[in-house]
>>> print(open('upload.pdb').read())   # PDB, C-alpha atoms and all ligand atoms
ATOM      1  CA  MET A 162     -33.308  57.742  94.356
ATOM      2  CA  PHE A 163     -34.978  54.522  93.220
ATOM      3  CA  LYS A 164     -32.311  51.791  92.915
ATOM      4  CA  ILE A 165     -32.341  48.014  92.712
ATOM      5  CA  LYS A 166     -28.804  46.849  93.350
ATOM      6  CA  PRO A 167     -28.773  43.557  91.340
ATOM      7  CA  PHE A 168     -30.209  45.422  88.365
ATOM      8  CA  GLU A 169     -27.759  48.324  88.701
ATOM      9  CA  ASP A 170     -24.822  45.891  88.997
ATOM     10  CA  CYS A 171     -25.874  44.044  85.838
ATOM     11  CA  VAL A 172     -26.309  47.323  83.916
ATOM     12  CA  PHE A 173     -22.893  48.466  85.128
ATOM     13  CA  GLU A 174     -21.172  45.279  83.916
ATOM     14  CA  LEU A 175     -22.998  45.254  80.564
ATOM     15  CA  SER A 176     -22.184  48.909  79.933
ATOM     16  CA  LYS A 177     -18.467  48.017  80.007
ATOM     17  CA  LEU A 178     -18.906  46.023  76.784
ATOM     18  CA  PRO A 179     -17.830  47.716  73.527
ATOM     19  CA  GLY A 180     -20.594  49.640  71.817
ATOM     20  CA  ILE A 181     -22.975  49.262  74.757
ATOM     21  CA  GLY A 182     -24.060  52.531  76.340
ATOM     22  CA  LYS A 183     -26.036  52.904  79.563
ATOM     23  CA  LYS A 184     -29.415  52.858  77.789
ATOM     24  CA  THR A 185     -28.635  49.707  75.809
ATOM     25  CA  ALA A 186     -27.241  48.083  78.959
ATOM     26  CA  MET A 187     -30.534  48.818  80.746
ATOM     27  CA  ARG A 188     -32.517  47.395  77.843
ATOM     28  CA  LEU A 189     -30.397  44.234  77.851
ATOM     29  CA  ALA A 190     -30.666  43.846  81.618
ATOM     30  CA  LEU A 191     -34.477  44.132  81.411
ATOM     31  CA  PHE A 192     -34.503  41.630  78.537
ATOM     32  CA  LEU A 193     -32.425  39.182  80.606
ATOM     33  CA  LEU A 194     -34.675  39.741  83.610
ATOM     34  CA  ASN A 195     -37.593  38.418  81.578
ATOM     35  CA  LYS A 196     -35.764  35.268  80.444
ATOM     36  CA  GLU A 197     -36.164  31.896  82.140
ATOM     37  CA  LEU A 198     -33.474  30.913  84.658
ATOM     38  CA  PRO A 199     -31.985  28.072  82.478
ATOM     39  CA  ASP A 200     -31.428  30.572  79.647
ATOM     40  CA  ILE A 201     -29.544  32.875  82.004
ATOM     41  CA  GLU A 202     -27.541  29.963  83.394
ATOM     42  CA  ARG A 203     -26.501  28.900  79.887
ATOM     43  CA  LEU A 204     -25.416  32.458  79.071
ATOM     44  CA  ALA A 205     -23.480  32.799  82.330
ATOM     45  CA  SER A 206     -21.745  29.431  81.919
ATOM     46  CA  SER A 207     -20.855  30.138  78.282
ATOM     47  CA  LEU A 208     -19.136  33.346  79.416
ATOM     48  CA  LEU A 209     -17.206  31.486  82.105
ATOM     49  CA  ASN A 210     -16.309  28.722  79.646
ATOM     50  CA  LEU A 211     -15.096  31.261  77.131
ATOM     51  CA  LYS A 212     -12.576  32.592  79.597
ATOM     52  CA  LYS A 213     -11.616  29.358  81.361
ATOM     53  CA  ASN A 214     -11.357  27.057  78.360
ATOM     54  CA  THR A 215      -9.675  29.195  75.751
ATOM     55  CA  LYS A 216      -6.088  30.305  75.546
ATOM     56  CA  ILE A 217      -3.729  31.966  73.140
ATOM     57  CA  CYS A 218      -2.140  29.646  70.568
ATOM     58  CA  LYS A 219       1.581  29.576  71.265
ATOM     59  CA  ARG A 220       2.397  29.460  67.561
ATOM     60  CA  CYS A 221       0.083  32.008  65.896
ATOM     61  CA  TYR A 222      -1.277  33.851  68.988
ATOM     62  CA  GLY A 223      -4.862  33.384  67.866
ATOM     63  CA  VAL A 224      -7.626  32.076  70.129
ATOM     64  CA  SER A 225      -7.314  28.377  70.859
ATOM     65  CA  GLU A 226      -8.734  25.608  73.026
ATOM     66  CA  ASP A 227      -5.306  23.968  73.301
ATOM     67  CA  ASP A 228      -1.688  25.115  73.419
ATOM     68  CA  VAL A 229      -1.666  25.009  69.622
ATOM     69  CA  CYS A 230      -4.821  25.986  67.733
ATOM     70  CA  GLY A 231      -6.726  23.845  65.243
ATOM     71  CA  ILE A 232      -5.407  25.870  62.305
ATOM     72  CA  CYS A 233      -1.722  25.550  63.259
ATOM     73  CA  GLY A 234      -2.244  21.862  64.032
ATOM     74  CA  ASP A 235      -4.060  21.069  60.777
ATOM     75  CA  ALA A 236      -1.800  18.952  58.552
ATOM     76  CA  HIS A 237      -3.731  20.044  55.444
ATOM     77  CA  ARG A 238      -3.004  23.762  55.810
ATOM     78  CA  LYS A 239      -0.230  25.290  53.730
ATOM     79  CA  LYS A 240       2.570  25.868  56.209
ATOM     80  CA  ASP A 241       4.573  28.039  53.831
ATOM     81  CA  ILE A 242       2.066  30.926  53.767
ATOM     82  CA  ILE A 243       1.551  33.133  56.814
ATOM     83  CA  CYS A 244      -1.189  35.746  56.895
ATOM     84  CA  VAL A 245      -0.365  38.504  59.392
ATOM     85  CA  VAL A 246      -3.368  40.113  61.091
ATOM     86  CA  GLU A 247      -3.832  42.609  63.904
ATOM     87  CA  GLU A 248      -6.280  40.846  66.204
ATOM     88  CA  PRO A 249      -7.596  37.316  66.863
ATOM     89  CA  LYS A 250     -10.983  38.416  65.501
ATOM     90  CA  ASP A 251      -9.402  38.966  62.073
ATOM     91  CA  VAL A 252      -8.608  35.238  61.943
ATOM     92  CA  PHE A 253     -12.320  34.463  62.373
ATOM     93  CA  VAL A 254     -13.186  36.975  59.653
ATOM     94  CA  ILE A 255     -10.761  35.511  57.090
ATOM     95  CA  GLU A 256     -11.656  31.942  58.072
ATOM     96  CA  SER A 257     -15.312  32.747  57.390
ATOM     97  CA  THR A 258     -14.440  32.916  53.674
ATOM     98  CA  GLY A 259     -13.378  29.255  53.887
ATOM     99  CA  ARG A 260     -10.789  29.820  51.165
ATOM    100  CA  PHE A 261      -7.534  30.741  52.880
ATOM    101  CA  GLU A 262      -5.402  27.627  53.288
ATOM    102  CA  GLY A 263      -2.314  29.026  54.995
ATOM    103  CA  LEU A 264      -1.482  29.856  58.605
ATOM    104  CA  TYR A 265      -1.856  33.074  60.599
ATOM    105  CA  HIS A 266       0.199  35.293  62.838
ATOM    106  CA  VAL A 267      -1.676  37.612  65.200
ATOM    107  CA  LEU A 268       0.263  40.763  66.065
ATOM    108  CA  GLY A 269      -1.921  41.846  68.955
ATOM    109  CA  GLY A 270      -2.546  45.329  67.544
ATOM    110  CA  LYS A 271      -0.860  47.799  65.226
ATOM    111  CA  ILE A 272       1.794  50.463  65.511
ATOM    112  CA  ALA A 273       0.049  53.505  66.965
ATOM    113  CA  PRO A 274       2.463  56.109  68.400
ATOM    114  CA  LEU A 275      -0.392  58.284  69.680
ATOM    115  CA  ASP A 276      -1.562  55.383  71.840
ATOM    116  CA  ASP A 277       2.032  54.613  72.836
ATOM    117  CA  ILE A 278       2.023  51.322  70.904
ATOM    118  CA  GLY A 279       5.431  50.837  69.339
ATOM    119  CA  PRO A 280       6.640  47.791  67.355
ATOM    120  CA  ASP A 281       8.083  46.259  70.545
ATOM    121  CA  LYS A 282       4.575  45.930  72.001
ATOM    122  CA  LEU A 283       3.449  43.786  69.060
ATOM    123  CA  ARG A 284       4.449  40.223  68.188
ATOM    124  CA  ILE A 285       6.690  41.339  65.332
ATOM    125  CA  LYS A 286       9.838  39.781  66.809
ATOM    126  CA  GLU A 287       7.965  36.473  67.091
ATOM    127  CA  LEU A 288       6.870  36.764  63.457
ATOM    128  CA  ILE A 289      10.432  37.327  62.275
ATOM    129  CA  GLU A 290      11.598  34.308  64.302
ATOM    130  CA  ARG A 291       8.851  32.155  62.781
ATOM    131  CA  VAL A 292       9.718  33.197  59.252
ATOM    132  CA  GLU A 293      13.434  32.641  59.881
ATOM    133  CA  LYS A 294      12.901  29.178  61.391
ATOM    134  CA  GLU A 295      10.016  27.774  59.377
ATOM    135  CA  ALA A 296      10.045  27.150  55.628
ATOM    136  CA  VAL A 297       7.889  30.166  54.779
ATOM    137  CA  ASN A 298       7.548  31.241  51.151
ATOM    138  CA  GLU A 299       5.014  34.034  51.519
ATOM    139  CA  VAL A 300       3.968  36.499  54.216
ATOM    140  CA  ILE A 301       0.660  38.232  53.527
ATOM    141  CA  LEU A 302       0.321  41.501  55.425
ATOM    142  CA  ALA A 303      -3.395  41.768  56.197
ATOM    143  CA  THR A 304      -3.313  44.611  58.694
ATOM    144  CA  ASN A 305      -6.232  47.005  58.293
ATOM    145  CA  PRO A 306      -6.074  49.603  55.483
ATOM    146  CA  ASP A 307      -5.880  52.622  57.796
ATOM    147  CA  ILE A 308      -2.818  54.750  58.576
ATOM    148  CA  GLU A 309      -1.617  52.623  61.499
ATOM    149  CA  GLY A 310      -2.269  49.380  59.613
ATOM    150  CA  GLU A 311      -0.277  50.636  56.599
ATOM    151  CA  THR A 312       2.543  51.855  58.855
ATOM    152  CA  THR A 313       2.661  48.448  60.509
ATOM    153  CA  ALA A 314       2.744  46.639  57.145
ATOM    154  CA  ILE A 315       5.599  48.847  55.889
ATOM    155  CA  TYR A 316       7.539  48.350  59.137
ATOM    156  CA  ILE A 317       7.196  44.544  58.955
ATOM    157  CA  ARG A 318       8.117  44.619  55.252
ATOM    158  CA  LYS A 319      11.419  46.288  56.189
ATOM    159  CA  LYS A 320      12.045  43.922  59.087
ATOM    160  CA  LEU A 321      11.649  40.881  56.821
ATOM    161  CA  SER A 322      13.726  42.271  53.961
ATOM    162  CA  HIS A 323      16.859  40.305  54.968
ATOM    163  CA  ILE A 324      15.187  36.956  54.310
ATOM    164  CA  ASN A 325      15.979  35.587  50.868
ATOM    165  CA  ASN A 326      13.329  34.199  48.525
ATOM    166  CA  LEU A 327      10.480  35.437  50.695
ATOM    167  CA  LEU A 328       7.480  36.919  48.929
ATOM    168  CA  ILE A 329       5.883  39.673  50.994
ATOM    169  CA  THR A 330       2.418  40.690  49.859
ATOM    170  CA  ARG A 331      -0.162  43.238  50.962
ATOM    171  CA  ILE A 332      -3.897  42.626  50.716
ATOM    172  CA  ALA A 333      -5.565  44.601  47.919
ATOM    173  CA  SER A 334      -7.529  47.687  48.799
ATOM    174  CA  GLY A 335     -10.936  46.176  48.090
ATOM    175  CA  ILE A 336     -11.545  47.047  51.690
ATOM    176  CA  PRO A 337     -12.203  50.816  51.799
ATOM    177  CA  ILE A 338      -9.332  52.914  53.137
ATOM    178  CA  GLY A 339      -9.797  53.572  56.834
ATOM    179  CA  SER A 340     -12.164  50.647  57.155
ATOM    180  CA  HIS A 341     -11.601  47.419  59.063
ATOM    181  CA  LEU A 342     -11.524  43.787  58.030
ATOM    182  CA  GLU A 343     -14.270  42.913  60.464
ATOM    183  CA  TYR A 344     -16.807  45.147  58.697
ATOM    184  CA  ALA A 345     -16.065  43.858  55.202
ATOM    185  CA  ASP A 346     -18.199  41.127  53.697
ATOM    186  CA  GLU A 347     -16.753  37.726  52.809
ATOM    187  CA  VAL A 348     -16.565  38.425  49.066
ATOM    188  CA  THR A 349     -14.636  41.673  49.653
ATOM    189  CA  ILE A 350     -12.188  39.924  51.970
ATOM    190  CA  LEU A 351     -11.746  37.088  49.505
ATOM    191  CA  LYS A 352     -11.082  39.534  46.654
ATOM    192  CA  SER A 353      -8.614  41.548  48.724
ATOM    193  CA  LEU A 354      -6.723  38.338  49.517
ATOM    194  CA  GLU A 355      -6.815  37.015  45.967
ATOM    195  CA  ASN A 356      -5.687  40.366  44.524
ATOM    196  CA  ARG A 357      -2.853  40.846  47.001
ATOM    197  CA  ARG A 358       0.269  42.448  45.584
ATOM    198  CA  ALA A 359       3.946  42.046  46.230
ATOM    199  CA  MET A 360       5.332  44.829  48.440
ATOM    200  CA  ILE A 361       8.503  46.138  46.897
TER
HETATM  201 ZN    ZN A 401      -2.373  28.798  65.999
END
>>> encode(input="upload.pdb", output="structure tokens", more="lines below")
Ligand SMILES: [Zn+2]
Amino acid sequence: MFKIKPFEDCVFELSKLPGIGKKTAMRLALFLLNKELPDIERLASSLLNLKKNTKICKRCYGVSEDDVCGICGDAHRKKDIICVVEEPKDVFVIESTGRFEGLYHVLGGKIAPLDDIGPDKLRIKELIERVEKEAVNEVILATNPDIEGETTAIYIRKKLSHINNLLITRIASGIPIGSHLEYADEVTILKSLENRRAMI
């Protein structure tokens, strides 16, 4: 069988990426093969940089260049509002609206019993500690509007119920049920944040 090992290796690695099947991986590998060496070097070094020079913010658990991310360290952000999201990518999505002025808390997923992800595998305990220690007035639950995301929001709502004078809100359902934040446009995200409702 006709095989070129460097090409096969590249296709194999690319096909591990989300949404990239074998055919697309082959197309990408051929595309890269036709690029100039400096272009490939820039791509390779940006991938290495991404991994070596980013870490998880120790306060919000989002992606950061330092121990504490630029959002948590920004003196102009409203420290009394925490927006709870599932994944670091959701922070980028909400930040793209340029209108949210509070802080974030990244859970690292959502409660999904079928995938064996219980509340203890998420950063819910850390969220509760933050809210207990910091002067937080509002927690916005911005988990995705699917079954697991709703379950997670309801669970966190219960876990925070002992804290007095805390407003707990849920993003409005401008985002279609079963859909994800990352696929919504900026206006939809903005509306769902602005029209958030208190969870009773
Ligand atoms: Zn942070």
>>> residues_near_ligand(input="upload.pdb", ligand="ligand ZN 401 (chain A)", cutoff="7 Å", atoms="all atoms listed in the file", output="PyMOL selection string")
chain A and resi 218-223+225+229-233+265
>>> closest_residue(input="upload.pdb", among="A:Asp307, A:Glu293, A:Glu262, A:Asp228", to="Glu355 (chain A)", atoms="only C-alpha atoms")
A:Glu262
>>> closest_residue(input="upload.pdb", among="A:Glu287, A:Asp277, A:Asp241, A:Glu347", to="Glu299 (chain A)", atoms="only C-alpha atoms")
A:Asp241
>>> resolve_selection(input="upload.pdb", expression="the PyMOL selection byres (((chain A and resi 298) around 12) and not hetatm)", output="number ranges by chain")
A: 239-244, 263-264, 291-297, 299-301, 321, 324-330
>>> write_last_selection(input="upload.pdb", atoms="C-alpha atoms", output="mmCIF file, in the coordinates of the input")
data_model
loop_
_atom_site.group_PDB
_atom_site.id
_atom_site.type_symbol
_atom_site.label_atom_id
_atom_site.label_comp_id
_atom_site.auth_asym_id
_atom_site.auth_seq_id
_atom_site.Cartn_x
_atom_site.Cartn_y
_atom_site.Cartn_z
ATOM 1 C CA LYS A 239 -0.230 25.290 53.730
ATOM 2 C CA LYS A 240 2.570 25.868 56.209
ATOM 3 C CA ASP A 241 4.573 28.039 53.831
ATOM 4 C CA ILE A 242 2.066 30.926 53.767
ATOM 5 C CA ILE A 243 1.551 33.133 56.814
ATOM 6 C CA CYS A 244 -1.189 35.746 56.895
ATOM 7 C CA GLY A 263 -2.314 29.026 54.995
ATOM 8 C CA LEU A 264 -1.482 29.856 58.605
ATOM 9 C CA ARG A 291 8.851 32.155 62.781
ATOM 10 C CA VAL A 292 9.718 33.197 59.252
ATOM 11 C CA GLU A 293 13.434 32.641 59.881
ATOM 12 C CA LYS A 294 12.901 29.178 61.391
ATOM 13 C CA GLU A 295 10.016 27.774 59.377
ATOM 14 C CA ALA A 296 10.045 27.150 55.628
ATOM 15 C CA VAL A 297 7.889 30.166 54.779
ATOM 16 C CA GLU A 299 5.014 34.034 51.519
ATOM 17 C CA VAL A 300 3.968 36.499 54.216
ATOM 18 C CA ILE A 301 0.660 38.232 53.527
ATOM 19 C CA LEU A 321 11.649 40.881 56.821
ATOM 20 C CA ILE A 324 15.187 36.956 54.310
ATOM 21 C CA ASN A 325 15.979 35.587 50.868
ATOM 22 C CA ASN A 326 13.329 34.199 48.525
ATOM 23 C CA LEU A 327 10.480 35.437 50.695
ATOM 24 C CA LEU A 328 7.480 36.919 48.929
ATOM 25 C CA ILE A 329 5.883 39.673 50.994
ATOM 26 C CA THR A 330 2.418 40.690 49.859
#
>>> resolve_selection(input="upload.pdb", expression="the PyMOL selection byres (((chain A and resi 190) around 9) and not hetatm)", output="PyMOL selection string")
chain A and resi 168-169+171-172+175+185-189+191-195
>>> closest_residue(input="upload.pdb", among="A:Ile272, A:Ser207, A:Lys177, A:Thr215", to="Ala314 (chain A)", atoms="all atoms listed in the file")
A:Ile272
>>> axis_aligned_box(input="upload.pdb", around="region 263-281 of chain A", padding_each_side="5 Å", output="AutoDock Vina command-line options")
--center_x 2.8 --center_y 43.7 --center_z 63.9 --size_x 20.6 --size_y 39.3 --size_z 27.8
>>> atom_distance(input="upload.pdb", atom1="CA of Glu174 (chain A)", atom2="CA of Leu283 (chain A)")
28.8 Å
